[in-house]
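Source file query-v3.pdb; content: PDB, C-alpha atoms.
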ATOM      1  CA  MET A   1       0.000   0.000   0.000
ATOM      2  CA  LEU A   2       2.864   2.384   0.855
ATOM      3  CA  LYS A   3       4.535   1.637  -2.480
ATOM      4  CA  LYS A   4       1.302   2.381  -4.337
ATOM      5  CA  PHE A   5       0.844   5.647  -2.449
ATOM      6  CA  THR A   6       4.457   6.667  -3.165
ATOM      7  CA  GLN A   7       3.898   6.001  -6.864
ATOM      8  CA  ARG A   8       0.821   8.218  -6.786
ATOM      9  CA  LEU A   9       2.925  11.071  -5.340
ATOM     10  CA  ALA A  10       5.665  10.760  -7.956
ATOM     11  CA  GLY A  11       5.702  13.670 -10.371
ATOM     12  CA  LEU A  12       3.185  15.759  -8.455
ATOM     13  CA  SER A  13       3.752  19.426  -7.703
ATOM     14  CA  VAL A  14       4.618  20.448  -4.148
ATOM     15  CA  PRO A  15       1.071  21.795  -3.437
ATOM     16  CA  LYS A  16      -0.436  18.519  -4.661
ATOM     17  CA  VAL A  17       1.896  16.433  -2.506
ATOM     18  CA  LYS A  18       1.133  18.558   0.558
ATOM     19  CA  ARG A  19      -2.590  18.243  -0.171
ATOM     20  CA  LYS A  20      -2.460  14.465  -0.416
ATOM     21  CA  LEU A  21      -0.375  14.146   2.742
ATOM     22  CA  LYS A  22      -2.773  16.421   4.608
ATOM     23  CA  TYR A  23      -5.760  14.319   3.527
ATOM     24  CA  LEU A  24      -3.928  11.153   4.556
ATOM     25  CA  ALA A  25      -3.282  12.640   7.995
ATOM     26  CA  MET A  26      -6.947  13.603   8.355
ATOM     27  CA  GLN A  27      -8.091  10.103   7.403
ATOM     28  CA  SER A  28      -5.614   8.513   9.808
ATOM     29  CA  ARG A  29      -6.756  10.736  12.659
ATOM     30  CA  SER A  30     -10.377   9.706  12.135
ATOM     31  CA  LYS A  31      -9.378   6.128  13.007
ATOM     32  CA  LEU A  32      -8.228   7.287  16.432
ATOM     33  CA  VAL A  33     -11.245   9.446  17.283
ATOM     34  CA  ARG A  34     -14.231   8.234  19.283
ATOM     35  CA  PRO A  35     -17.561   9.758  18.176
ATOM     36  CA  SER A  36     -19.204  12.109  20.644
ATOM     37  CA  TYR A  37     -22.482  11.726  18.735
ATOM     38  CA  ARG A  38     -23.857   8.937  16.552
ATOM     39  CA  THR A  39     -26.602   9.920  14.152
ATOM     40  CA  PRO A  40     -29.541   7.551  13.531
ATOM     41  CA  VAL A  41     -29.014   8.208   9.796
ATOM     42  CA  ARG A  42     -27.499   4.979   8.500
ATOM     43  CA  ASN A  43     -26.204   6.240   5.157
ATOM     44  CA  ILE A  44     -25.631   9.541   3.404
ATOM     45  CA  TYR A  45     -25.534   9.608  -0.397
ATOM     46  CA  HIS A  46     -23.536  12.493  -1.847
ATOM     47  CA  CYS A  47     -24.724  12.655  -5.440
ATOM     48  CA  THR A  48     -23.362  15.053  -8.023
ATOM     49  CA  VAL A  49     -21.828  15.155 -11.507
ATOM     50  CA  HIS A  50     -18.198  15.519 -12.494
ATOM     51  CA  LYS A  51     -16.323  18.804 -11.984
ATOM     52  CA  SER A  52     -18.744  19.972  -9.294
ATOM     53  CA  GLY A  53     -16.481  19.929  -6.260
ATOM     54  CA  SER A  54     -16.937  16.194  -5.776
ATOM     55  CA  GLN A  55     -13.458  15.437  -4.410
ATOM     56  CA  TRP A  56     -13.502  18.583  -2.278
ATOM     57  CA  ILE A  57     -16.741  17.527  -0.588
ATOM     58  CA  ARG A  58     -15.548  13.924  -0.334
ATOM     59  CA  ASN A  59     -12.505  15.126   1.586
ATOM     60  CA  VAL A  60     -14.678  17.225   3.878
ATOM     61  CA  MET A  61     -16.890  14.216   4.587
ATOM     62  CA  GLN A  62     -13.916  11.998   5.453
ATOM     63  CA  ASP A  63     -12.442  14.587   7.813
ATOM     64  CA  TRP A  64     -12.081  13.270  11.376
ATOM     65  CA  ARG A  65     -14.346  16.020  12.702
ATOM     66  CA  VAL A  66     -17.284  14.798  10.640
ATOM     67  CA  TYR A  67     -16.791  11.303  12.056
ATOM     68  CA  LYS A  68     -16.524  12.650  15.591
ATOM     69  CA  TYR A  69     -19.905  14.395  15.397
ATOM     70  CA  SER A  70     -21.815  11.757  13.416
ATOM     71  CA  GLY A  71     -20.179   8.332  13.726
ATOM     72  CA  LEU A  72     -20.240   8.114   9.901
ATOM     73  CA  ARG A  73     -17.163   7.237   7.881
ATOM     74  CA  ALA A  74     -16.723   8.249   4.253
ATOM     75  CA  HIS A  75     -17.061   5.385   1.769
ATOM     76  CA  HIS A  76     -15.769   5.594  -1.808
ATOM     77  CA  TYR A  77     -17.597   2.792  -3.591
ATOM     78  CA  GLU A  78     -15.563   3.178  -6.806
ATOM     79  CA  SER A  79     -12.416   2.063  -4.978
ATOM     80  CA  PHE A  80     -13.994  -1.398  -4.699
ATOM     81  CA  MET A  81     -14.726  -1.693  -8.426
ATOM     82  CA  PRO A  82     -12.339  -3.114 -11.050
ATOM     83  CA  ASN A  83      -9.412  -0.716 -11.550
ATOM     84  CA  GLY A  84     -10.865   1.504  -8.834
ATOM     85  CA  ILE A  85     -13.154   3.388 -11.189
ATOM     86  CA  ASP A  86     -16.785   3.293 -12.306
ATOM     87  CA  SER A  87     -16.501   3.519 -16.092
ATOM     88  CA  ARG A  88     -20.237   3.437 -16.774
ATOM     89  CA  ARG A  89     -22.154   6.360 -18.246
ATOM     90  CA  ILE A  90     -23.922   8.389 -15.578
ATOM     91  CA  PRO A  91     -27.442   7.033 -16.350
ATOM     92  CA  GLU A  92     -26.151   3.489 -15.793
ATOM     93  CA  ARG A  93     -24.632   4.097 -12.344
ATOM     94  CA  VAL A  94     -26.972   2.237 -10.048
ATOM     95  CA  LEU A  95     -24.864   1.353  -7.013
ATOM     96  CA  PRO A  96     -23.560  -2.212  -7.438
ATOM     97  CA  SER A  97     -24.751  -3.386  -3.998
ATOM     98  CA  ILE A  98     -26.067  -2.111  -0.693
ATOM     99  CA  MET A  99     -23.512   0.219   0.883
ATOM    100  CA  PRO A 100     -21.932  -0.418   4.294
ATOM    101  CA  GLU A 101     -23.994   1.096   7.094
ATOM    102  CA  SER A 102     -22.821   4.130   9.058
ATOM    103  CA  THR A 103     -21.112   5.591   5.994
ATOM    104  CA  ALA A 104     -21.322   8.683   3.856
ATOM    105  CA  VAL A 105     -21.069   7.366   0.307
ATOM    106  CA  THR A 106     -19.129  10.039  -1.564
ATOM    107  CA  PRO A 107     -19.145  10.913  -4.363
ATOM    108  CA  ILE A 108     -21.794   9.242  -6.515
ATOM    109  CA  TYR A 109     -21.997  10.607 -10.069
ATOM    110  CA  SER A 110     -25.659   9.865 -10.569
ATOM    111  CA  ASP A 111     -28.891  10.895 -12.169
ATOM    112  CA  LEU A 112     -32.021  10.805 -10.033
ATOM    113  CA  ASP A 113     -33.318   7.516 -11.436
ATOM    114  CA  SER A 114     -30.073   5.635 -10.704
ATOM    115  CA  TYR A 115     -30.060   7.086  -7.196
ATOM    116  CA  ARG A 116     -33.648   5.931  -6.703
ATOM    117  CA  GLN A 117     -32.827   2.390  -7.842
ATOM    118  CA  SER A 118     -29.879   2.002  -5.471
ATOM    119  CA  VAL A 119     -30.782  -0.073  -2.389
ATOM    120  CA  LYS A 120     -30.913   2.004   0.801
ATOM    121  CA  PRO A 121     -31.590   1.394   4.495
ATOM    122  CA  GLY A 122     -34.670   2.768   6.219
ATOM    123  CA  GLU A 123     -33.013   5.932   7.514
ATOM    124  CA  TYR A 124     -30.853   7.746   4.985
ATOM    125  CA  ARG A 125     -30.256  11.175   3.497
ATOM    126  CA  GLY A 126     -29.326  12.233  -0.007
ATOM    127  CA  ILE A 127     -27.805  15.426  -1.303
ATOM    128  CA  PHE A 128     -27.198  16.531  -4.863
ATOM    129  CA  VAL A 129     -24.536  19.182  -5.414
ATOM    130  CA  VAL A 130     -25.095  21.073  -8.656
ATOM    131  CA  ARG A 131     -22.746  23.451 -10.440
ATOM    132  CA  ASP A 132     -23.499  25.773 -13.342
ATOM    133  CA  PRO A 133     -23.208  23.330 -16.263
ATOM    134  CA  ARG A 134     -21.279  25.914 -18.284
ATOM    135  CA  ASP A 135     -18.602  26.050 -15.582
ATOM    136  CA  VAL A 136     -18.611  22.245 -15.600
ATOM    137  CA  VAL A 137     -17.780  22.357 -19.319
ATOM    138  CA  VAL A 138     -14.890  24.786 -18.805
ATOM    139  CA  SER A 139     -13.528  22.881 -15.812
ATOM    140  CA  TRP A 140     -13.748  19.561 -17.663
ATOM    141  CA  TYR A 141     -11.987  21.058 -20.697
ATOM    142  CA  PHE A 142      -9.001  22.356 -18.715
ATOM    143  CA  SER A 143      -8.797  19.224 -16.584
ATOM    144  CA  ALA A 144      -8.884  16.894 -19.585
ATOM    145  CA  ARG A 145      -6.370  18.990 -21.493
ATOM    146  CA  TYR A 146      -3.878  19.755 -18.732
ATOM    147  CA  SER A 147      -4.244  18.389 -15.215
ATOM    148  CA  HIS A 148      -6.263  15.172 -14.867
ATOM    149  CA  ARG A 149      -4.119  12.187 -13.945
ATOM    150  CA  PRO A 150      -3.792   9.650 -16.786
ATOM    151  CA  MET A 151      -6.587   7.108 -16.495
ATOM    152  CA  GLY A 152      -9.228   5.677 -18.797
ATOM    153  CA  ARG A 153      -9.352   7.723 -22.004
ATOM    154  CA  VAL A 154      -7.741  10.853 -20.560
ATOM    155  CA  LEU A 155      -4.567  10.716 -22.659
ATOM    156  CA  GLU A 156      -6.543  10.071 -25.833
ATOM    157  CA  THR A 157      -8.862  12.986 -25.065
ATOM    158  CA  ARG A 158      -5.903  15.218 -24.188
ATOM    159  CA  GLU A 159      -4.361  14.564 -27.563
ATOM    160  CA  VAL A 160      -7.606  15.491 -29.332
ATOM    161  CA  LEU A 161      -8.015  18.711 -27.357
ATOM    162  CA  GLY A 162      -4.393  19.672 -27.965
ATOM    163  CA  ASP A 163      -5.065  19.777 -31.704
ATOM    164  CA  LEU A 164      -8.168  21.979 -31.428
ATOM    165  CA  PRO A 165      -8.538  25.748 -30.969
ATOM    166  CA  GLN A 166     -10.153  26.460 -27.603
ATOM    167  CA  PRO A 167     -13.678  27.225 -28.933
ATOM    168  CA  GLU A 168     -13.667  23.943 -30.852
ATOM    169  CA  GLY A 169     -12.288  22.179 -27.797
ATOM    170  CA  LEU A 170     -15.134  23.528 -25.667
ATOM    171  CA  LYS A 171     -17.670  22.307 -28.221
ATOM    172  CA  TYR A 172     -15.969  18.917 -28.122
ATOM    173  CA  ALA A 173     -16.305  18.979 -24.316
ATOM    174  CA  ILE A 174     -20.021  19.809 -24.571
ATOM    175  CA  ASP A 175     -20.631  16.903 -26.932
ATOM    176  CA  TRP A 176     -18.546  14.511 -24.815
ATOM    177  CA  LEU A 177     -20.398  15.403 -21.615
ATOM    178  CA  ALA A 178     -23.768  15.129 -23.376
ATOM    179  CA  ASP A 179     -22.903  11.634 -24.641
ATOM    180  CA  PHE A 180     -21.760  10.734 -21.131
ATOM    181  CA  GLY A 181     -25.203  11.675 -19.821
ATOM    182  CA  LEU A 182     -24.040  14.524 -17.592
ATOM    183  CA  PHE A 183     -26.502  17.195 -18.702
ATOM    184  CA  ASP A 184     -29.463  14.821 -18.545
ATOM    185  CA  ALA A 185     -28.327  13.781 -15.066
ATOM    186  CA  VAL A 186     -28.346  17.386 -13.845
ATOM    187  CA  GLY A 187     -31.777  18.003 -15.344
ATOM    188  CA  SER A 188     -33.274  14.903 -13.730
ATOM    189  CA  TRP A 189     -32.766  16.309 -10.221
ATOM    190  CA  PHE A 190     -34.841  19.384 -11.067
ATOM    191  CA  GLU A 191     -37.934  17.596 -12.318
ATOM    192  CA  PRO A 192     -40.998  18.944 -10.444
ATOM    193  CA  GLY A 193     -41.913  16.868  -7.399
ATOM    194  CA  ALA A 194     -38.955  14.540  -7.854
ATOM    195  CA  LEU A 195     -37.445  14.872  -4.377
ATOM    196  CA  THR A 196     -38.657  13.687  -0.978
ATOM    197  CA  ASP A 197     -37.827  15.249   2.367
ATOM    198  CA  LYS A 198     -34.807  12.920   2.512
ATOM    199  CA  GLU A 199     -33.111  14.717  -0.396
ATOM    200  CA  ARG A 200     -31.909  18.267  -0.873
ATOM    201  CA  ILE A 201     -30.098  20.103  -3.651
ATOM    202  CA  PHE A 202     -27.164  22.358  -2.818
ATOM    203  CA  ARG A 203     -25.280  24.688  -5.150
ATOM    204  CA  TYR A 204     -21.532  24.487  -5.564
ATOM    205  CA  GLU A 205     -21.590  28.257  -5.921
ATOM    206  CA  ASP A 206     -23.040  28.643  -2.415
ATOM    207  CA  LEU A 207     -20.543  26.208  -0.913
ATOM    208  CA  ASN A 208     -17.697  28.048  -2.643
ATOM    209  CA  GLY A 209     -18.997  31.545  -1.877
ATOM    210  CA  PRO A 210     -18.981  33.969   1.053
ATOM    211  CA  ASN A 211     -21.745  31.972   2.777
ATOM    212  CA  GLY A 212     -19.904  28.664   2.452
ATOM    213  CA  VAL A 213     -19.886  27.978   6.189
ATOM    214  CA  GLU A 214     -23.652  28.462   6.411
ATOM    215  CA  THR A 215     -24.253  26.256   3.358
ATOM    216  CA  PHE A 216     -22.071  23.444   4.683
ATOM    217  CA  GLY A 217     -23.971  23.869   7.936
ATOM    218  CA  GLU A 218     -27.223  23.269   6.058
ATOM    219  CA  ILE A 219     -25.800  20.077   4.543
ATOM    220  CA  PHE A 220     -24.751  18.814   7.959
ATOM    221  CA  LYS A 221     -28.107  19.754   9.474
ATOM    222  CA  HIS A 222     -29.945  17.850   6.727
ATOM    223  CA  CYS A 223     -27.700  14.825   7.366
ATOM    224  CA  ASP A 224     -27.876  15.104  11.187
ATOM    225  CA  ILE A 225     -24.152  15.711  11.571
ATOM    226  CA  ARG A 226     -23.919  17.855  14.679
ATOM    227  CA  LEU A 227     -20.738  19.896  14.442
ATOM    228  CA  PRO A 228     -20.407  22.774  16.932
ATOM    229  CA  GLU A 229     -20.228  26.161  15.215
ATOM    230  CA  LYS A 230     -16.535  26.732  15.919
ATOM    231  CA  VAL A 231     -15.650  23.266  14.642
ATOM    232  CA  LEU A 232     -17.686  23.888  11.478
ATOM    233  CA  VAL A 233     -15.887  27.182  10.808
ATOM    234  CA  ASN A 234     -12.467  25.574  11.232
ATOM    235  CA  LEU A 235     -13.439  22.581   9.101
ATOM    236  CA  VAL A 236     -14.500  24.753   6.161
ATOM    237  CA  ALA A 237     -11.394  26.935   6.521
ATOM    238  CA  ASP A 238      -9.094  23.917   6.512
ATOM    239  CA  HIS A 239     -10.638  22.756   3.217
ATOM    240  CA  SER A 240     -10.690  26.188   1.550
ATOM    241  CA  PHE A 241      -9.217  26.801  -1.906
ATOM    242  CA  GLU A 242      -6.559  29.113  -0.499
ATOM    243  CA  ASN A 243      -5.430  26.562   2.051
ATOM    244  CA  LEU A 244      -5.390  23.566  -0.277
ATOM    245  CA  SER A 245      -3.855  25.289  -3.312
ATOM    246  CA  GLY A 246      -0.687  26.249  -1.449
ATOM    247  CA  GLY A 247      -1.656  29.869  -0.878
ATOM    248  CA  ARG A 248      -3.156  30.855  -4.234
ATOM    249  CA  ARG A 249      -6.189  33.104  -4.046
ATOM    250  CA  LYS A 250      -9.352  32.349  -5.977
ATOM    251  CA  GLY A 251      -8.857  33.542  -9.535
ATOM    252  CA  GLU A 252      -5.105  32.855  -9.600
ATOM    253  CA  GLU A 253      -4.966  30.171 -12.250
ATOM    254  CA  ASP A 254      -2.750  27.108 -12.404
ATOM    255  CA  LYS A 255      -3.783  24.998 -15.393
ATOM    256  CA  GLN A 256      -1.650  22.086 -14.229
ATOM    257  CA  ASP A 257      -3.384  21.832 -10.848
ATOM    258  CA  HIS A 258      -6.645  20.024 -10.143
ATOM    259  CA  LEU A 259      -7.583  23.153  -8.178
ATOM    260  CA  ARG A 260      -7.193  25.307 -11.278
ATOM    261  CA  LYS A 261      -8.847  28.626 -10.442
ATOM    262  CA  GLY A 262     -11.546  28.271  -7.789
ATOM    263  CA  VAL A 263     -13.957  30.874  -9.145
ATOM    264  CA  VAL A 264     -17.630  30.941 -10.066
ATOM    265  CA  GLY A 265     -18.778  32.036 -13.528
ATOM    266  CA  ASP A 266     -15.492  31.368 -15.319
ATOM    267  CA  TRP A 267     -17.456  30.256 -18.377
ATOM    268  CA  LYS A 268     -17.968  33.950 -19.197
ATOM    269  CA  ASN A 269     -14.232  34.209 -19.867
ATOM    270  CA  HIS A 270     -14.226  31.300 -22.323
ATOM    271  CA  PHE A 271     -17.605  30.901 -24.042
ATOM    272  CA  THR A 272     -17.704  32.614 -27.429
ATOM    273  CA  PRO A 273     -21.098  33.267 -29.087
ATOM    274  CA  GLU A 274     -20.473  30.168 -31.194
ATOM    275  CA  VAL A 275     -19.861  28.046 -28.085
ATOM    276  CA  GLU A 276     -22.956  29.533 -26.402
ATOM    277  CA  ASP A 277     -25.098  28.590 -29.382
ATOM    278  CA  HIS A 278     -23.722  25.050 -29.431
ATOM    279  CA  PHE A 279     -24.292  24.655 -25.698
ATOM    280  CA  THR A 280     -27.917  25.779 -26.015
ATOM    281  CA  LYS A 281     -28.485  23.499 -28.993
ATOM    282  CA  VAL A 282     -27.194  20.496 -27.049
ATOM    283  CA  THR A 283     -28.664  21.193 -23.592
ATOM    284  CA  GLY A 284     -31.945  22.958 -24.395
ATOM    285  CA  ASP A 285     -33.565  24.522 -21.322
ATOM    286  CA  LEU A 286     -31.113  23.054 -18.802
ATOM    287  CA  ILE A 287     -29.809  26.424 -17.591
ATOM    288  CA  LEU A 288     -33.320  27.799 -17.106
ATOM    289  CA  ASN A 289     -34.621  24.627 -15.416
ATOM    290  CA  SER A 290     -31.705  24.412 -13.010
ATOM    291  CA  GLY A 291     -32.061  28.055 -11.987
ATOM    292  CA  TYR A 292     -28.852  29.540 -13.356
ATOM    293  CA  GLU A 293     -28.343  32.906 -15.022
ATOM    294  CA  PRO A 294     -29.290  32.626 -18.702
ATOM    295  CA  PHE A 295     -27.128  33.803 -21.554
ATOM    296  CA  VAL A 296     -27.475  37.513 -22.303
ATOM    297  CA  ALA A 297     -29.580  37.934 -25.430
ATOM    298  CA  ARG A 298     -27.556  39.197 -28.374
ATOM    299  CA  PRO A 299     -28.974  41.779 -30.804
TER     300      PRO A 299
END

Before we go any further, please render this structure as structure tokens.
Amino acid sequence: MLKKFTQRLAGLSVPKVKRKLKYLAMQSRSKLVRPSYRTPVRNIYHCTVHKSGSQWIRNVMQDWRVYKYSGLRAHHYESFMPNGIDSRRIPERVLPSIMPESTAVTPIYSDLDSYRQSVKPGEYRGIFVVRDPRDVVVSWYFSARYSHRPMGRVLETREVLGDLPQPEGLKYAIDWLADFGLFDAVGSWFEPGALTDKERIFRYEDLNGPNGVETFGEIFKHCDIRLPEKVLVNLVADHSFENLSGGRRKGEEDKQDHLRKGVVGDWKNHFTPEVEDHFTKVTGDLILNSGYEPFVARP
């Protein structure tokens, strides 16, 4: 296991190495902590789509402080699949079996129907974290082209994107994500009357904004994770962009880092009118239905 971890660190930048070591320390500490509260919620399902802060929230959920005030450990179901990855399209991602009890299953890239079909215990909570799909496109484009670790078809995709001008590369990203089922997955969570009182939708933009502490507090309240206020504030601060990026402020870009820029609305810096038109053609009313700011009408 140590050899495998060392191999994963090889070639990483100093901020990335520090980040991974910090997460490892947090996970190790959780094994030594005794819970001061155990929630009756048996499982939490953190649903989302790619490039929507999934690993950020996963790392928050596996922090020792979350375990201390809930008795729930983070569970990454993909690690138990062949090659440690779920290669299915999003609409096909019904969980392969019932999840271990007293865990927060994080993340699950899932549409609402797949989430519904997954077997759950009597007492559970689900959250869906949504991000502006246009920012998802931009984040996916830069990750696939520059920073994502080689796995699956990443190198093949990187080669394709390297030969395309950026507007064409963004259109390629839109088509790829549509074929993968990502846009349909986002839309499914916003169908009228689709959710029960066990599920709530949270915005990445709120988690990443000035009211991030309050929004994380709402997630924990929904999931019956009872962190004291001071602990919550410190938890969110420890997992902030500035702290995890090695001191960069939001907006200071590093294309080679998984934490590239950390800002909301970056699509406005990259979408040309041609890309906007292609996005609308492919996704239809997704932006309107999911409650995000529409494109400004052009004369």

(message) Translate the PyMOL selection byres ((chain A and resi 183-189) around 10) into a concrete residue list for this structure, as a ChimeraX atom specification.
(response) /A:48-49,90-91,109-114,128-133,136,174,177-182,190-195,199-201,282-287,289-290

I need the residues from that last selection saved to file as a PDB file, in the frame of the given file (with C-alpha atoms), if you can.
ATOM      1  CA  THR A  48     -23.362  15.053  -8.023  1.00  0.00           C
ATOM      2  CA  VAL A  49     -21.828  15.155 -11.507  1.00  0.00           C
ATOM      3  CA  ILE A  90     -23.922   8.389 -15.578  1.00  0.00           C
ATOM      4  CA  PRO A  91     -27.442   7.033 -16.350  1.00  0.00           C
ATOM      5  CA  TYR A 109     -21.997  10.607 -10.069  1.00  0.00           C
ATOM      6  CA  SER A 110     -25.659   9.865 -10.569  1.00  0.00           C
ATOM      7  CA  ASP A 111     -28.891  10.895 -12.169  1.00  0.00           C
ATOM      8  CA  LEU A 112     -32.021  10.805 -10.033  1.00  0.00           C
ATOM      9  CA  ASP A 113     -33.318   7.516 -11.436  1.00  0.00           C
ATOM     10  CA  SER A 114     -30.073   5.635 -10.704  1.00  0.00           C
ATOM     11  CA  PHE A 128     -27.198  16.531  -4.863  1.00  0.00           C
ATOM     12  CA  VAL A 129     -24.536  19.182  -5.414  1.00  0.00           C
ATOM     13  CA  VAL A 130     -25.095  21.073  -8.656  1.00  0.00           C
ATOM     14  CA  ARG A 131     -22.746  23.451 -10.440  1.00  0.00           C
ATOM     15  CA  ASP A 132     -23.499  25.773 -13.342  1.00  0.00           C
ATOM     16  CA  PRO A 133     -23.208  23.330 -16.263  1.00  0.00           C
ATOM     17  CA  VAL A 136     -18.611  22.245 -15.600  1.00  0.00           C
ATOM     18  CA  ILE A 174     -20.021  19.809 -24.571  1.00  0.00           C
ATOM     19  CA  LEU A 177     -20.398  15.403 -21.615  1.00  0.00           C
ATOM     20  CA  ALA A 178     -23.768  15.129 -23.376  1.00  0.00           C
ATOM     21  CA  ASP A 179     -22.903  11.634 -24.641  1.00  0.00           C
ATOM     22  CA  PHE A 180     -21.760  10.734 -21.131  1.00  0.00           C
ATOM     23  CA  GLY A 181     -25.203  11.675 -19.821  1.00  0.00           C
ATOM     24  CA  LEU A 182     -24.040  14.524 -17.592  1.00  0.00           C
ATOM     25  CA  PHE A 190     -34.841  19.384 -11.067  1.00  0.00           C
ATOM     26  CA  GLU A 191     -37.934  17.596 -12.318  1.00  0.00           C
ATOM     27  CA  PRO A 192     -40.998  18.944 -10.444  1.00  0.00           C
ATOM     28  CA  GLY A 193     -41.913  16.868  -7.399  1.00  0.00           C
ATOM     29  CA  ALA A 194     -38.955  14.540  -7.854  1.00  0.00           C
ATOM     30  CA  LEU A 195     -37.445  14.872  -4.377  1.00  0.00           C
ATOM     31  CA  GLU A 199     -33.111  14.717  -0.396  1.00  0.00           C
ATOM     32  CA  ARG A 200     -31.909  18.267  -0.873  1.00  0.00           C
ATOM     33  CA  ILE A 201     -30.098  20.103  -3.651  1.00  0.00           C
ATOM     34  CA  VAL A 282     -27.194  20.496 -27.049  1.00  0.00           C
ATOM     35  CA  THR A 283     -28.664  21.193 -23.592  1.00  0.00           C
ATOM     36  CA  GLY A 284     -31.945  22.958 -24.395  1.00  0.00           C
ATOM     37  CA  ASP A 285     -33.565  24.522 -21.322  1.00  0.00           C
ATOM     38  CA  LEU A 286     -31.113  23.054 -18.802  1.00  0.00           C
ATOM     39  CA  ILE A 287     -29.809  26.424 -17.591  1.00  0.00           C
ATOM     40  CA  ASN A 289     -34.621  24.627 -15.416  1.00  0.00           C
ATOM     41  CA  SER A 290     -31.705  24.412 -13.010  1.00  0.00           C
TER      42      SER A 290
END

(message) Considering only C-alpha atoms, can you say which of A:Gln117, A:Ser97, A:Ser139, A:Thr157 comes closest to A:Val264?
(response)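 Checking each of A:Gln117, A:Ser97, A:Ser139, A:Thr157 against A:Val264, counting only C-alpha atoms, the winner is A:Ser139.
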
(message) Suppose a student applies the PyMOL selection byres ((chain A and resi 37) around 6) to this structure; what residues should they get, written as a list in words?
(response)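 Matching residues under the PyMOL selection byres ((chain A and resi 37) around 6) are Pro35, Ser36, Arg38, Tyr69 and Ser70 of chain A.
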
(message) My list of candidates is A:Thr39, A:Tyr67, A:Ser143, A:Ile127. Which is closest to A:Arg203 when distances are computed with all atoms listed in the file?
(response)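 Answer, going by the shortest atom-to-atom distance: A:Ile127.
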
(request) Calculate how many Å separate atom CA of A:Thr280 from atom CA of A:Lys171, rounding to one decimal. (result)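 One can read the atom CA of A:Thr280 to atom CA of A:Lys171 distance as 11.0 Å.
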
(request) Using all atoms listed in the file, pick whichever of A:Asn59, A:Val233, A:Arg89, A:Arg226 has the shortest atom-to-atom distance to A:Asn211. (result)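 Looking at the shortest contact to A:Asn211, the residue is A:Val233.
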
(request) Quick one: everything within 12 Å of A:His76, counting only C-alpha atoms, minus sequence neighbours fewer than 3 positions away in the same chain. Send it as a PyMOL selection string. (result) chain A and resi 44-47+54-55+58-59+61-62+73+79-81+84-86+95+99-100+103-109

How would the residues just chosen look if you wrote them out with C-alpha atoms as a short mmCIF file (atom, residue, chain, number, x, y, z; two decimals), keeping the file's coordinate frame?
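Printed below is part-v7.cif as written:
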data_model
loop_
_atom_site.label_atom_id
_atom_site.label_comp_id
_atom_site.auth_asym_id
_atom_site.auth_seq_id
_atom_site.Cartn_x
_atom_site.Cartn_y
_atom_site.Cartn_z
CA ILE A 44 -25.63 9.54 3.40
CA TYR A 45 -25.53 9.61 -0.40
CA HIS A 46 -23.54 12.49 -1.85
CA CYS A 47 -24.72 12.66 -5.44
CA SER A 54 -16.94 16.19 -5.78
CA GLN A 55 -13.46 15.44 -4.41
CA ARG A 58 -15.55 13.92 -0.33
CA ASN A 59 -12.50 15.13 1.59
CA MET A 61 -16.89 14.22 4.59
CA GLN A 62 -13.92 12.00 5.45
CA ARG A 73 -17.16 7.24 7.88
CA SER A 79 -12.42 2.06 -4.98
CA PHE A 80 -13.99 -1.40 -4.70
CA MET A 81 -14.73 -1.69 -8.43
CA GLY A 84 -10.86 1.50 -8.83
CA ILE A 85 -13.15 3.39 -11.19
CA ASP A 86 -16.78 3.29 -12.31
CA LEU A 95 -24.86 1.35 -7.01
CA MET A 99 -23.51 0.22 0.88
CA PRO A 100 -21.93 -0.42 4.29
CA THR A 103 -21.11 5.59 5.99
CA ALA A 104 -21.32 8.68 3.86
CA VAL A 105 -21.07 7.37 0.31
CA THR A 106 -19.13 10.04 -1.56
CA PRO A 107 -19.14 10.91 -4.36
CA ILE A 108 -21.79 9.24 -6.52
CA TYR A 109 -22.00 10.61 -10.07
#

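Against the coordinates shown, the PyMOL selection byres ((chain A and resi 277) around 12) returns Pro167, Leu170, Lys171, Ile174, Phe271, Thr272, Pro273, Glu274, Val275, Glu276, His278, Phe279, Thr280, Lys281, Val282, Thr283, Gly284, Phe295, Val296, Ala297 and Arg298 of chain A.
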
(message) Restricting the calculation to all atoms listed in the file: of A:Val138, A:Leu235, A:Ile225, A:Leu207, which residue gets closest to A:Asn269?
(response)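 Answer, going by the shortest atom-to-atom distance: A:Val138.
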
(request) Go through A:Tyr124, A:Phe241, A:Tyr204, A:Trp176 and flag the residue nearest A:Tyr292, using all atoms listed in the file for the distances. (result)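 With all atoms listed in the file as the atom set, the closest residue is A:Tyr204.
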
(request) Please identify all polymer residues within 9 Å of A:Ile98, counting only C-alpha atoms, omitting same-chain residues fewer than 2 positions from it, and present them as a ChimeraX atom specification. (result) /A:95-96,100-101,118-121

(message) Counting only C-alpha atoms, which residue out of A:Pro210, A:Ser102, A:Tyr172, A:Leu161 sits closest to A:Glu123?
(response)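 Nearest to A:Glu123: A:Ser102.
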
What's around A:Gly212 at 10 Å? Count only C-alpha atoms, leave out sequence neighbours fewer than 5 positions away in its own chain, and write the answer as a PDB file with C-alpha atoms, keeping the file's coordinate frame.
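Here's the written file around-v5.pdb:
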ATOM      1  CA  TYR A 204     -21.532  24.487  -5.564  1.00  0.00           C
ATOM      2  CA  GLU A 205     -21.590  28.257  -5.921  1.00  0.00           C
ATOM      3  CA  ASP A 206     -23.040  28.643  -2.415  1.00  0.00           C
ATOM      4  CA  LEU A 207     -20.543  26.208  -0.913  1.00  0.00           C
ATOM      5  CA  GLY A 217     -23.971  23.869   7.936  1.00  0.00           C
ATOM      6  CA  GLU A 218     -27.223  23.269   6.058  1.00  0.00           C
ATOM      7  CA  VAL A 233     -15.887  27.182  10.808  1.00  0.00           C
ATOM      8  CA  VAL A 236     -14.500  24.753   6.161  1.00  0.00           C
ATOM      9  CA  ALA A 237     -11.394  26.935   6.521  1.00  0.00           C
ATOM     10  CA  SER A 240     -10.690  26.188   1.550  1.00  0.00           C
TER      11      SER A 240
END
